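Dropping upload-v7.pdb in here (PDB, C-alpha atoms, pLDDT in the B column):
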ATOM      1  CA  MET A   1      52.977  83.774 184.881  1.00 59.00           C
ATOM      2  CA  ALA A   2      56.308  85.469 184.126  1.00 70.00           C
ATOM      3  CA  ASP A   3      56.755  86.907 187.629  1.00 85.00           C
ATOM      4  CA  ASN A   4      59.724  85.789 189.698  1.00 88.00           C
ATOM      5  CA  VAL A   5      59.335  84.152 193.095  1.00 89.00           C
ATOM      6  CA  LEU A   6      62.015  83.963 195.791  1.00 90.00           C
ATOM      7  CA  VAL A   7      62.534  80.406 197.079  1.00 91.00           C
ATOM      8  CA  LEU A   8      63.632  80.033 200.694  1.00 92.00           C
ATOM      9  CA  ASN A   9      65.040  76.899 202.281  1.00 91.00           C
ATOM     10  CA  ALA A  10      63.312  75.446 205.362  1.00 92.00           C
ATOM     11  CA  ASN A  11      65.560  77.641 207.544  1.00 90.00           C
ATOM     12  CA  PHE A  12      64.533  80.774 205.550  1.00 89.00           C
ATOM     13  CA  GLU A  13      67.858  80.938 203.659  1.00 89.00           C
ATOM     14  CA  PRO A  14      67.348  82.297 200.114  1.00 88.00           C
ATOM     15  CA  ILE A  15      68.403  79.591 197.660  1.00 89.00           C
ATOM     16  CA  ASN A  16      66.817  80.326 194.285  1.00 87.00           C
ATOM     17  CA  VAL A  17      64.498  82.405 192.155  1.00 88.00           C
ATOM     18  CA  CYS A  18      61.874  80.557 190.112  1.00 89.00           C
ATOM     19  CA  ASP A  19      58.957  81.567 187.931  1.00 90.00           C
ATOM     20  CA  LEU A  20      55.373  81.819 189.156  1.00 87.00           C
ATOM     21  CA  ARG A  21      54.271  78.595 187.450  1.00 88.00           C
ATOM     22  CA  ARG A  22      56.959  76.560 189.252  1.00 91.00           C
ATOM     23  CA  ALA A  23      56.132  78.209 192.595  1.00 90.00           C
ATOM     24  CA  VAL A  24      52.416  77.437 192.289  1.00 88.00           C
ATOM     25  CA  GLY A  25      53.280  73.835 191.369  1.00 89.00           C
ATOM     26  CA  LEU A  26      55.462  73.493 194.485  1.00 92.00           C
ATOM     27  CA  ILE A  27      52.692  74.899 196.670  1.00 90.00           C
ATOM     28  CA  LEU A  28      49.981  72.665 195.167  1.00 89.00           C
ATOM     29  CA  THR A  29      52.134  69.535 195.652  1.00 93.00           C
ATOM     30  CA  HIS A  30      52.767  70.577 199.284  1.00 94.00           C
ATOM     31  CA  LYS A  31      56.545  70.815 198.725  1.00 95.00           C
ATOM     32  CA  ALA A  32      56.501  74.499 199.639  1.00 94.00           C
ATOM     33  CA  SER A  33      54.339  76.969 201.491  1.00 91.00           C
ATOM     34  CA  MET A  34      53.678  80.597 200.705  1.00 90.00           C
ATOM     35  CA  VAL A  35      55.447  83.110 202.943  1.00 89.00           C
ATOM     36  CA  MET A  36      54.280  86.312 201.262  1.00 83.00           C
ATOM     37  CA  ASN A  37      51.582  87.061 198.696  1.00 80.00           C
ATOM     38  CA  GLY A  38      51.600  90.744 197.877  1.00 65.00           C
ATOM     39  CA  ARG A  39      50.527  90.339 194.225  1.00 75.00           C
ATOM     40  CA  GLY A  40      46.836  89.475 194.163  1.00 77.00           C
ATOM     41  CA  GLU A  41      45.360  86.234 192.915  1.00 80.00           C
ATOM     42  CA  ILE A  42      45.405  83.805 189.993  1.00 79.00           C
ATOM     43  CA  HIS A  43      41.871  83.071 188.809  1.00 80.00           C
ATOM     44  CA  THR A  44      40.972  79.748 187.204  1.00 79.00           C
ATOM     45  CA  ALA A  45      37.620  78.447 185.991  1.00 83.00           C
ATOM     46  CA  GLY A  46      36.835  76.795 189.322  1.00 82.00           C
ATOM     47  CA  SER A  47      38.855  78.625 191.948  1.00 80.00           C
ATOM     48  CA  SER A  48      41.454  81.259 192.699  1.00 80.00           C
ATOM     49  CA  PHE A  49      44.949  80.994 194.200  1.00 78.00           C
ATOM     50  CA  PRO A  50      47.138  83.654 195.798  1.00 82.00           C
ATOM     51  CA  ARG A  51      50.085  84.797 193.657  1.00 85.00           C
ATOM     52  CA  PRO A  52      53.157  84.093 195.787  1.00 89.00           C
ATOM     53  CA  SER A  53      56.078  86.471 195.977  1.00 88.00           C
ATOM     54  CA  ILE A  54      58.123  84.362 198.422  1.00 90.00           C
ATOM     55  CA  ILE A  55      57.803  80.634 199.104  1.00 92.00           C
ATOM     56  CA  ARG A  56      59.508  78.381 201.661  1.00 94.00           C
ATOM     57  CA  LEU A  57      60.389  74.742 201.061  1.00 94.00           C
ATOM     58  CA  GLN A  58      58.906  72.256 203.538  1.00 94.00           C
ATOM     59  CA  HIS A  59      62.103  70.197 203.830  1.00 94.00           C
ATOM     60  CA  MET A  60      65.682  71.375 204.192  1.00 93.00           C
ATOM     61  CA  VAL A  61      67.752  71.186 200.998  1.00 90.00           C
ATOM     62  CA  HIS A  62      71.468  70.782 201.737  1.00 90.00           C
ATOM     63  CA  ARG A  63      73.666  72.441 199.149  1.00 82.00           C
ATOM     64  CA  PRO A  64      77.068  74.084 199.030  1.00 81.00           C
ATOM     65  CA  ARG A  65      77.403  77.827 199.426  1.00 77.00           C
ATOM     66  CA  PRO A  66      76.752  79.475 196.059  1.00 76.00           C
ATOM     67  CA  ARG A  67      79.522  81.329 194.261  1.00 81.00           C
ATOM     68  CA  VAL A  68      79.101  84.065 191.697  1.00 85.00           C
ATOM     69  CA  LYS A  69      79.846  82.729 188.211  1.00 89.00           C
ATOM     70  CA  LEU A  70      82.481  84.549 186.201  1.00 93.00           C
ATOM     71  CA  THR A  71      80.536  85.991 183.265  1.00 92.00           C
ATOM     72  CA  ARG A  72      80.709  89.256 181.324  1.00 94.00           C
ATOM     73  CA  ARG A  73      77.509  90.478 182.923  1.00 91.00           C
ATOM     74  CA  GLU A  74      78.779  89.759 186.444  1.00 91.00           C
ATOM     75  CA  VAL A  75      82.125  91.497 185.766  1.00 94.00           C
ATOM     76  CA  PHE A  76      80.229  94.573 184.537  1.00 94.00           C
ATOM     77  CA  ARG A  77      77.961  94.406 187.586  1.00 89.00           C
ATOM     78  CA  ARG A  78      80.899  94.038 190.007  1.00 91.00           C
ATOM     79  CA  ASP A  79      82.624  97.056 188.425  1.00 93.00           C
ATOM     80  CA  ASN A  80      79.366  99.059 188.363  1.00 90.00           C
ATOM     81  CA  TYR A  81      79.449  99.393 184.551  1.00 93.00           C
ATOM     82  CA  THR A  82      82.483 101.683 184.858  1.00 95.00           C
ATOM     83  CA  CYS A  83      85.833 101.541 183.056  1.00 95.00           C
ATOM     84  CA  GLN A  84      88.409 100.615 185.686  1.00 95.00           C
ATOM     85  CA  TYR A  85      91.113 102.663 183.940  1.00 94.00           C
ATOM     86  CA  CYS A  86      89.462 106.029 183.207  1.00 93.00           C
ATOM     87  CA  GLY A  87      86.200 105.900 185.205  1.00 92.00           C
ATOM     88  CA  LYS A  88      83.924 106.356 182.195  1.00 92.00           C
ATOM     89  CA  ARG A  89      80.398 104.888 182.526  1.00 92.00           C
ATOM     90  CA  SER A  90      79.058 103.561 179.278  1.00 85.00           C
ATOM     91  CA  GLY A  91      76.946 100.845 177.697  1.00 84.00           C
ATOM     92  CA  ASP A  92      79.802 100.113 175.289  1.00 91.00           C
ATOM     93  CA  LEU A  93      82.233  98.307 177.585  1.00 94.00           C
ATOM     94  CA  THR A  94      84.650  95.413 177.133  1.00 95.00           C
ATOM     95  CA  ILE A  95      86.458  92.950 179.360  1.00 95.00           C
ATOM     96  CA  ASP A  96      90.215  93.353 179.831  1.00 94.00           C
ATOM     97  CA  HIS A  97      92.690  90.937 181.365  1.00 95.00           C
ATOM     98  CA  VAL A  98      95.011  92.876 183.710  1.00 94.00           C
ATOM     99  CA  ILE A  99      97.811  90.401 182.978  1.00 94.00           C
ATOM    100  CA  PRO A 100      97.221  89.408 179.339  1.00 94.00           C
ATOM    101  CA  ARG A 101      96.471  85.752 178.695  1.00 93.00           C
ATOM    102  CA  HIS A 102      99.390  85.385 176.285  1.00 93.00           C
ATOM    103  CA  LEU A 103     101.678  86.442 179.149  1.00 92.00           C
ATOM    104  CA  GLY A 104     100.283  83.792 181.494  1.00 93.00           C
ATOM    105  CA  GLY A 105      97.306  85.683 182.925  1.00 92.00           C
ATOM    106  CA  GLN A 106      94.313  83.577 183.822  1.00 94.00           C
ATOM    107  CA  HIS A 107      90.616  84.149 183.278  1.00 95.00           C
ATOM    108  CA  ILE A 108      89.798  84.582 186.992  1.00 95.00           C
ATOM    109  CA  TRP A 109      88.034  87.257 189.039  1.00 95.00           C
ATOM    110  CA  THR A 110      91.269  88.916 190.162  1.00 95.00           C
ATOM    111  CA  ASN A 111      92.547  89.295 186.591  1.00 95.00           C
ATOM    112  CA  VAL A 112      89.521  90.637 184.685  1.00 96.00           C
ATOM    113  CA  VAL A 113      88.151  94.186 184.747  1.00 96.00           C
ATOM    114  CA  THR A 114      85.696  96.319 182.841  1.00 96.00           C
ATOM    115  CA  ALA A 115      87.292  98.669 180.303  1.00 95.00           C
ATOM    116  CA  CYS A 116      86.025 101.098 177.708  1.00 94.00           C
ATOM    117  CA  PRO A 117      87.156 100.286 174.144  1.00 94.00           C
ATOM    118  CA  GLN A 118      89.600 103.223 174.083  1.00 94.00           C
ATOM    119  CA  CYS A 119      91.419 102.153 177.271  1.00 94.00           C
ATOM    120  CA  ASN A 120      91.388  98.498 176.235  1.00 93.00           C
ATOM    121  CA  HIS A 121      92.952  99.433 172.888  1.00 94.00           C
ATOM    122  CA  ARG A 122      95.492 101.739 174.560  1.00 94.00           C
ATOM    123  CA  LYS A 123      96.582  98.994 176.972  1.00 92.00           C
ATOM    124  CA  GLY A 124      96.634  96.355 174.241  1.00 90.00           C
ATOM    125  CA  GLY A 125      98.437  93.129 175.114  1.00 90.00           C
ATOM    126  CA  ARG A 126     100.739  94.781 177.649  1.00 91.00           C
ATOM    127  CA  THR A 127     100.896  94.793 181.414  1.00 91.00           C
ATOM    128  CA  LEU A 128      99.820  97.844 183.411  1.00 91.00           C
ATOM    129  CA  THR A 129     103.397  99.061 183.956  1.00 92.00           C
ATOM    130  CA  GLU A 130     104.316  98.612 180.287  1.00 92.00           C
ATOM    131  CA  ALA A 131     101.232 100.588 179.230  1.00 91.00           C
ATOM    132  CA  GLY A 132     101.728 103.241 181.942  1.00 92.00           C
ATOM    133  CA  MET A 133      98.185 102.748 183.251  1.00 92.00           C
ATOM    134  CA  GLN A 134      96.727 101.988 186.661  1.00 93.00           C
ATOM    135  CA  LEU A 135      93.478 100.546 187.952  1.00 93.00           C
ATOM    136  CA  MET A 136      90.948 102.571 189.909  1.00 93.00           C
ATOM    137  CA  ARG A 137      90.157  99.516 192.077  1.00 92.00           C
ATOM    138  CA  THR A 138      91.913  96.195 192.619  1.00 93.00           C
ATOM    139  CA  PRO A 139      89.727  93.435 191.125  1.00 94.00           C
ATOM    140  CA  SER A 140      88.381  90.787 193.495  1.00 92.00           C
ATOM    141  CA  GLU A 141      85.715  88.098 193.546  1.00 91.00           C
ATOM    142  CA  PRO A 142      82.314  89.567 194.472  1.00 88.00           C
ATOM    143  CA  PRO A 143      80.704  88.405 197.706  1.00 83.00           C
ATOM    144  CA  ALA A 144      78.496  85.332 197.545  1.00 80.00           C
ATOM    145  CA  SER A 145      75.904  86.914 199.821  1.00 80.00           C
ATOM    146  CA  ALA A 146      72.220  86.488 199.045  1.00 80.00           C
ATOM    147  CA  LEU A 147      71.850  90.250 198.746  1.00 79.00           C
ATOM    148  CA  TYR A 148      74.452  90.363 195.959  1.00 80.00           C
ATOM    149  CA  ILE A 149      73.256  87.224 194.153  1.00 79.00           C
ATOM    150  CA  PHE A 150      69.525  88.024 194.202  1.00 79.00           C
ATOM    151  CA  GLY A 151      69.835  91.796 194.635  1.00 76.00           C
ATOM    152  CA  ARG A 152      69.326  92.541 190.946  1.00 77.00           C
ATOM    153  CA  HIS A 153      65.642  91.643 191.439  1.00 78.00           C
ATOM    154  CA  LEU A 154      65.126  94.128 194.294  1.00 76.00           C
ATOM    155  CA  THR A 155      64.042  96.969 192.020  1.00 76.00           C
ATOM    156  CA  GLU A 156      60.941  94.960 191.048  1.00 80.00           C
ATOM    157  CA  TYR A 157      60.464  92.946 194.249  1.00 82.00           C
ATOM    158  CA  ILE A 158      61.321  95.214 197.171  1.00 77.00           C
ATOM    159  CA  GLU A 159      59.431  92.893 199.564  1.00 83.00           C
ATOM    160  CA  TRP A 160      62.315  90.383 199.241  1.00 78.00           C
ATOM    161  CA  GLU A 161      64.823  92.647 200.995  1.00 81.00           C
ATOM    162  CA  PRO A 162      64.207  91.512 204.625  1.00 84.00           C
ATOM    163  CA  PHE A 163      64.721  87.888 203.533  1.00 82.00           C
ATOM    164  CA  LEU A 164      67.994  88.651 201.701  1.00 81.00           C
ATOM    165  CA  LEU A 165      69.699  90.666 204.427  1.00 83.00           C
ATOM    166  CA  GLY A 166      72.094  88.743 206.643  1.00 74.00           C
ATOM    167  CA  TRP A 167      72.621  85.696 204.418  1.00 72.00           C
TER     168      TRP A 167
END

Encoding of this model in structure tokens:
Amino acid sequence: MADNVLVLNANFEPINVCDLRRAVGLILTHKASMVMNGRGEIHTAGSSFPRPSIIRLQHMVHRPRPRVKLTRREVFRRDNYTCQYCGKRSGDLTIDHVIPRHLGGQHIWTNVVTACPQCNHRKGGRTLTEAGMQLMRTPSEPPASALYIFGRHLTEYIEWEPFLLGW
């Protein structure tokens, strides 16, 4: 019951990922219908149900366009787990503010980058010009496309890809 299920709006727009238990509950209460099975069946004492991989809501849910939340994990993902100063790929990375906060820099997408501890220490609380360093890539907010938001699940659920493309 720990499998993830892609939830599509009535117009087939990807809007969420839920667990298998929630998806089966939505199907049994006729709030959603199964679009793709692909995982076998759930057997109970009296019957068996298909294990959904993708479900579609029966009624349209109006909601604003999603935005990617600014978290450590998302900054690392945006920067491909690579130090933006030296290019080193490592599991031991930190977050650096391009314009330090004590100098008026904000905690926003365009001011935070991934840095290895050595580069972060070398830069310290200085600006890029003061530290004599430069960025490999200018930081920007990642796209709010469905492929980016739900794409981290594609390694396990490759059947979702046609439903994520184009949104």

Region 125-139 of chain A: axis-aligned bounding box, 6 Å on each side, centre and edge lengths in Å, one decimal, as AutoDock Vina command-line options:
--center_x 97.0 --center_y 98.2 --center_z 183.9 --size_x 26.6 --size_y 22.1 --size_z 29.5

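With only C-alpha atoms as the atoms that count, the residue of A:Ala115, A:Val7, A:Leu164, A:Ala131 with the shortest distance to Ile27 (chain A) is A:Val7.
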
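Neighbouring residues of region 111-113 of chain A at 6 Å or closer, counting all atoms listed in the file and skipping chain neighbours under 3 positions away, are Ile95, Asp96, His97, Val98 and Ile108 of chain A.
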
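Every protein, DNA or RNA residue with an atom at most 8 Å from Leu8 (chain A), where only C-alpha atoms count and chain neighbours fewer than 5 positions away do not, is listed here: Glu13, Pro14, Ile15, Asn16, Ile54, Ile55, Arg56 and Leu57 of chain A.
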
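Closest to Arg152 (chain A) among A:Thr129, A:Val17, A:Tyr85, A:Pro139 is A:Val17, based on all atoms listed in the file.
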
What's the 8 Å shell around His59 (chain A), counting only C-alpha atoms, without same-chain residues fewer than 5 positions away, as a ChimeraX atom specification? /A:9-10,31

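Omitting Phe49 (chain A) and its sequence neighbours fewer than 3 positions away, and counting only C-alpha atoms, the residues within 10 Å are Val24, Leu28, Gly40, Glu41, Ile42, His43, Thr44 and Pro52 of chain A.
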
Atom completion result for region 2-16 of chain A (N, CA, C and O atoms) as a PDB file, in the frame of the given file:
ATOM      1  N   ALA A   2      54.888  85.188 184.320  1.00 70.00           N
ATOM      2  CA  ALA A   2      56.308  85.469 184.126  1.00 70.00           C
ATOM      3  C   ALA A   2      56.952  86.096 185.357  1.00 70.00           C
ATOM      4  O   ALA A   2      58.138  86.378 185.339  1.00 70.00           O
ATOM      5  N   ASP A   3      56.185  86.308 186.410  1.00 85.00           N
ATOM      6  CA  ASP A   3      56.755  86.907 187.629  1.00 85.00           C
ATOM      7  C   ASP A   3      57.766  85.971 188.278  1.00 85.00           C
ATOM      8  O   ASP A   3      57.647  84.759 188.194  1.00 85.00           O
ATOM      9  N   ASN A   4      58.735  86.561 188.951  1.00 88.00           N
ATOM     10  CA  ASN A   4      59.724  85.789 189.698  1.00 88.00           C
ATOM     11  C   ASN A   4      59.256  85.595 191.132  1.00 88.00           C
ATOM     12  O   ASN A   4      58.561  86.450 191.690  1.00 88.00           O
ATOM     13  N   VAL A   5      59.678  84.472 191.724  1.00 89.00           N
ATOM     14  CA  VAL A   5      59.335  84.152 193.095  1.00 89.00           C
ATOM     15  C   VAL A   5      60.621  83.746 193.812  1.00 89.00           C
ATOM     16  O   VAL A   5      61.396  82.943 193.291  1.00 89.00           O
ATOM     17  N   LEU A   6      60.846  84.306 194.992  1.00 90.00           N
ATOM     18  CA  LEU A   6      62.015  83.963 195.791  1.00 90.00           C
ATOM     19  C   LEU A   6      61.743  82.653 196.523  1.00 90.00           C
ATOM     20  O   LEU A   6      60.707  82.508 197.174  1.00 90.00           O
ATOM     21  N   VAL A   7      62.671  81.703 196.417  1.00 91.00           N
ATOM     22  CA  VAL A   7      62.534  80.406 197.079  1.00 91.00           C
ATOM     23  C   VAL A   7      63.458  80.389 198.286  1.00 91.00           C
ATOM     24  O   VAL A   7      64.659  80.608 198.155  1.00 91.00           O
ATOM     25  N   LEU A   8      62.870  80.121 199.459  1.00 92.00           N
ATOM     26  CA  LEU A   8      63.632  80.033 200.694  1.00 92.00           C
ATOM     27  C   LEU A   8      63.745  78.578 201.116  1.00 92.00           C
ATOM     28  O   LEU A   8      62.821  77.796 200.903  1.00 92.00           O
ATOM     29  N   ASN A   9      64.864  78.232 201.723  1.00 91.00           N
ATOM     30  CA  ASN A   9      65.040  76.899 202.281  1.00 91.00           C
ATOM     31  C   ASN A   9      64.179  76.803 203.546  1.00 91.00           C
ATOM     32  O   ASN A   9      63.595  77.792 203.986  1.00 91.00           O
ATOM     33  N   ALA A  10      64.126  75.632 204.159  1.00 92.00           N
ATOM     34  CA  ALA A  10      63.312  75.446 205.362  1.00 92.00           C
ATOM     35  C   ALA A  10      63.779  76.340 206.506  1.00 92.00           C
ATOM     36  O   ALA A  10      62.985  76.701 207.382  1.00 92.00           O
ATOM     37  N   ASN A  11      65.047  76.744 206.502  1.00 90.00           N
ATOM     38  CA  ASN A  11      65.560  77.641 207.544  1.00 90.00           C
ATOM     39  C   ASN A  11      65.520  79.114 207.110  1.00 90.00           C
ATOM     40  O   ASN A  11      66.182  79.953 207.694  1.00 90.00           O
ATOM     41  N   PHE A  12      64.737  79.422 206.085  1.00 89.00           N
ATOM     42  CA  PHE A  12      64.533  80.774 205.550  1.00 89.00           C
ATOM     43  C   PHE A  12      65.760  81.340 204.841  1.00 89.00           C
ATOM     44  O   PHE A  12      65.857  82.535 204.617  1.00 89.00           O
ATOM     45  N   GLU A  13      66.706  80.497 204.447  1.00 89.00           N
ATOM     46  CA  GLU A  13      67.858  80.938 203.659  1.00 89.00           C
ATOM     47  C   GLU A  13      67.436  81.046 202.199  1.00 89.00           C
ATOM     48  O   GLU A  13      66.881  80.110 201.644  1.00 89.00           O
ATOM     49  N   PRO A  14      67.688  82.183 201.534  1.00 88.00           N
ATOM     50  CA  PRO A  14      67.348  82.297 200.114  1.00 88.00           C
ATOM     51  C   PRO A  14      68.236  81.368 199.276  1.00 88.00           C
ATOM     52  O   PRO A  14      69.461  81.407 199.407  1.00 88.00           O
ATOM     53  N   ILE A  15      67.602  80.528 198.445  1.00 89.00           N
ATOM     54  CA  ILE A  15      68.403  79.591 197.660  1.00 89.00           C
ATOM     55  C   ILE A  15      68.184  79.697 196.165  1.00 89.00           C
ATOM     56  O   ILE A  15      69.008  79.219 195.396  1.00 89.00           O
ATOM     57  N   ASN A  16      67.085  80.310 195.722  1.00 87.00           N
ATOM     58  CA  ASN A  16      66.817  80.326 194.285  1.00 87.00           C
ATOM     59  C   ASN A  16      65.742  81.350 193.962  1.00 87.00           C
ATOM     60  O   ASN A  16      65.050  81.848 194.843  1.00 87.00           O
TER      61      ASN A  16
END
